[in-house]
Amino acid sequence: MLSRLAAGNTLPIVIVVAAIVVAWYGFAVYLNMPWQLGVYERSGTTWTFADLVRDTLAQERPVLPSPHQVFAEMWRTTVEVAPTSRRSLLYHAWVTLSSTLLGFALGTLLGILLAVFIVHNRAMDKSVMPWVVASQTIPILAIAPMIIVVLNAVGLTGLLPKALISTYLSFFPVVVGMVKGLRSPEPIQLDLMRTYSASAAQTFWKLRWPSAMPYLFTSLKVAVAISLVGAIVGELPTGAVAGLGARLLAGSYYGQTVQIWSALFMAAALAAILVAVIGAGHRMVLKRMGMAQ
Amino acid sequence: MNAPASHIEPAVQTLAPVIEASGLGLTFATNDGPVNALSSVDLAIGKGEFVSFIGPSGCGKTTFLRVIADLEQPTEGTILVNGMSPRAARQARAYGYVFQAAGLFPWRTIERNVALPLEIMGYPRREVDERIARTLALVNLTGFEKKFPWQLSGGMQQRASIARALAFDADLLLMDEPFGALDEIVRDHLNEQLLELWARTQKTICFVTHSIPEAVYLSTKIVVMSPRPGRVTDVIHSTLPRERPLDIRESPEFLSIAARVREGLRSGHGYED
């Protein structure tokens, strides 16, 4: 039993997670200690080390909340509150998720379209690609408020402006991956299509598109994760109305570190789920294409 | 007619030429300056011939095949394929091309790979199924329809690529070292099968190879080429019968043709040094 655990992935993962949790508790005690010692001093309490550990892990506004505080908060705001309530973390997660998905879908579409044009047109290849790269050198934190403000000025509010920030981030890996993917057929395969006098559309659908599939899914995994980042960043300048970004901002206004950490964990869980869904899609498509081996 | 053409037997000349090249030349512009891949090639290939192109690397044999297929554009001279320009011939789907590597699409099963040209050329569905079955039988791959390329050996993949080139109605088969990457035993076997296929289908075959025995065993005509610039140095008409068991390769006649090919290759090299 033990040897089977050691042979698989389970044991190493368990050890790493346990090490992180232990280190986390250690840092929580250490970082929350100065404030706790101040409390003891003012009230003149005599304290033992056990008291210190217990109290530092149960502060209301700790510098670093302990893992069990974060998970208790997550439990309270997901299971014990109706998902439609503004106090529910699930409600905020859904707000962020919907803008992530819309932005991701638009970004993927834009990325694929640009890649198709770049691969089929020399002028596009020379002129568009530098702009695509340049677009990503601008810090998203700088450009996000401007996108929101400008779109608000032309009457676009709500989901779309936030989603467009996700689009801005997520189209990039899709363009880069798909340009590489659509160019991945071997010269022999392209020559073969030419010997059949295949049209450009036939060459695209029968050769370039299927060849690009593995590249597309790899790009999509990156794109969906940064779409989530974009959605969260997009929620910061909107006045913290709703969403995980709003939760993070509100938490930092009021020193609610437990709330911040639980929002962070929710964002991480969301990212993990999204990447896993893309991964499952990837495996399914490769299997249908007979390339899973 | 130029010297190489005079080697063609009168019997062959009376047939309509499938390929007619005169003064054909091709110069590639590269970073190191122009490379003369083909120079004043005059050649006529009659219907139903099996022509091998043999020579060292850089002699232009593959380039010549690619010119026939309209994959390269000649810079001098003229070439006609079925009496048309190579471009018109390609658009009329006049030839099937077999490359050095099988080049099967890994996401398609063997039967879908064979169906690829038929889909592109718009054959009706019923006919597609019938043609897949017929051409796979022709290359002895019946029973492997649903397999993916990676499930097959290299020799079988190359046979599937030949089936793909035979699936549509082209009377001309262009083969660029199709068996170059295969071991000797598989190669012998495929050579035998190819001759059988040629006899059955009556196609005209242009076959590029590095191997003297392969060229002599397969061909009715052997075109010996030499490099820098790529040119034809000898055209040998084989006197071997059309029916060729593998052990014909030990006959004195076979050996004398092979000796002439080797001599041609050697003199080509001597010219260079």
# chains A, B, ... in the order shown; residues from 1 in each chain; ligands from 1
>>> closest_atom_pairs(of="segment 93-136 of chain B", to="segment 269-292 of chain A", cutoff="8 Å", atoms="only C-alpha atoms", output="Markdown table")
| residue | atom | partner | partner_atom | distance |
| --- | --- | --- | --- | --- |
| B:Pro106 | CA | A:Met291 | CA | 6.9 |
| B:Trp107 | CA | A:Met289 | CA | 4.6 |
| B:Arg108 | CA | A:Met289 | CA | 7.0 |
| B:Thr109 | CA | A:Gly290 | CA | 7.9 |
>>> write_last_selection(atoms="N, CA and C atoms", output="PDB file, in the first residue's frame")
ATOM      1  N   PRO B 106      -1.879  12.289 -40.003  1.00  0.00           N
ATOM      2  CA  PRO B 106      -1.965  11.408 -38.828  1.00  0.00           C
ATOM      3  C   PRO B 106      -3.362  11.357 -38.200  1.00  0.00           C
ATOM      4  N   TRP B 107      -4.213  12.372 -38.480  1.00  0.00           N
ATOM      5  CA  TRP B 107      -5.544  12.371 -37.877  1.00  0.00           C
ATOM      6  C   TRP B 107      -6.562  11.652 -38.742  1.00  0.00           C
ATOM      7  N   ARG B 108      -6.121  11.120 -39.873  1.00  0.00           N
ATOM      8  CA  ARG B 108      -7.034  10.381 -40.735  1.00  0.00           C
ATOM      9  C   ARG B 108      -6.664   8.903 -40.720  1.00  0.00           C
ATOM     10  N   THR B 109      -7.676   8.033 -40.737  1.00  0.00           N
ATOM     11  CA  THR B 109      -7.396   6.605 -40.856  1.00  0.00           C
ATOM     12  C   THR B 109      -6.867   6.353 -42.262  1.00  0.00           C
TER      13      THR B 109
END
>>> residues_around(residues="Ile140 of chain A", least_positions_apart="3", cutoff="9 Å", atoms="only C-alpha atoms", output="number ranges by chain")
A: 136-137, 143-145, 165, 168-169, 230, 233
>>> write_last_selection(atoms="C-alpha atoms", output="PDB file, in the first residue's frame")
ATOM      1  CA  GLN A 136       1.224  42.963 -24.789  1.00  0.00           C
ATOM      2  CA  THR A 137       4.067  45.172 -23.624  1.00  0.00           C
ATOM      3  CA  ILE A 143      -4.764  50.286 -19.820  1.00  0.00           C
ATOM      4  CA  ALA A 144      -7.686  48.626 -18.020  1.00  0.00           C
ATOM      5  CA  PRO A 145      -9.143  51.793 -16.396  1.00  0.00           C
ATOM      6  CA  ILE A 165      -9.945  43.457 -21.019  1.00  0.00           C
ATOM      7  CA  TYR A 168      -7.112  42.061 -24.853  1.00  0.00           C
ATOM      8  CA  LEU A 169      -5.007  39.621 -22.837  1.00  0.00           C
ATOM      9  CA  GLY A 230      -8.102  40.268 -17.025  1.00  0.00           C
ATOM     10  CA  VAL A 233      -8.241  43.475 -13.073  1.00  0.00           C
TER      11      VAL A 233
END
>>> interface_residues(of="chain A", to="chain B", cutoff="7 Å", atoms="only C-alpha atoms", output="short mmCIF file (atom, residue, chain, number, x, y, z; two decimals) with C-alpha atoms, in the first residue's frame")
data_model
loop_
_atom_site.label_atom_id
_atom_site.label_comp_id
_atom_site.auth_asym_id
_atom_site.auth_seq_id
_atom_site.Cartn_x
_atom_site.Cartn_y
_atom_site.Cartn_z
CA ILE A 188 5.49 17.37 -48.22
CA GLN A 189 1.89 17.67 -47.03
CA THR A 195 -0.49 18.20 -56.63
CA TYR A 196 -4.24 17.73 -56.13
CA SER A 197 -4.80 21.38 -57.17
CA ALA A 198 -6.63 21.82 -53.86
CA GLN A 202 -9.60 22.89 -48.93
CA MET A 289 -8.40 12.60 -34.25
CA GLY A 290 -6.71 9.29 -33.43
CA MET A 291 -3.66 11.12 -32.10
#
>>> atom_distance(atom1="atom CA of Glu111 of chain B", atom2="atom CA of Ile132 of chain B")
6.3 Å
>>> atom_distance(atom1="atom CA of Glu263 of chain B", atom2="atom CA of Thr233 of chain B")
10.6 Å
>>> select_by_dssp(residues="segment 101-150 of chain B", states="alpha helix (DSSP H)", output="list in words")
Ile110, Glu111, Arg112, Asn113, Val114, Ala115, Leu116, Pro117, Leu118, Glu119, Ile120, Met121, Arg125, Arg126, Glu127, Val128, Asp129, Glu130, Arg131, Ile132, Ala133, Arg134, Thr135, Leu136, Ala137 and Leu138 of chain B
>>> atom_distance(atom1="atom CA of Leu101 of chain A", atom2="atom CA of Leu228 of chain A")
8.3 Å
>>> residues_around(residues="Val133 of chain A", least_positions_apart="5", cutoff="12 Å", atoms="only C-alpha atoms", output="list in words")
Ser127, Val128, Ile138, Tyr168, Leu169, Phe171, Phe172, Pro173, Val175 and Val176 of chain A
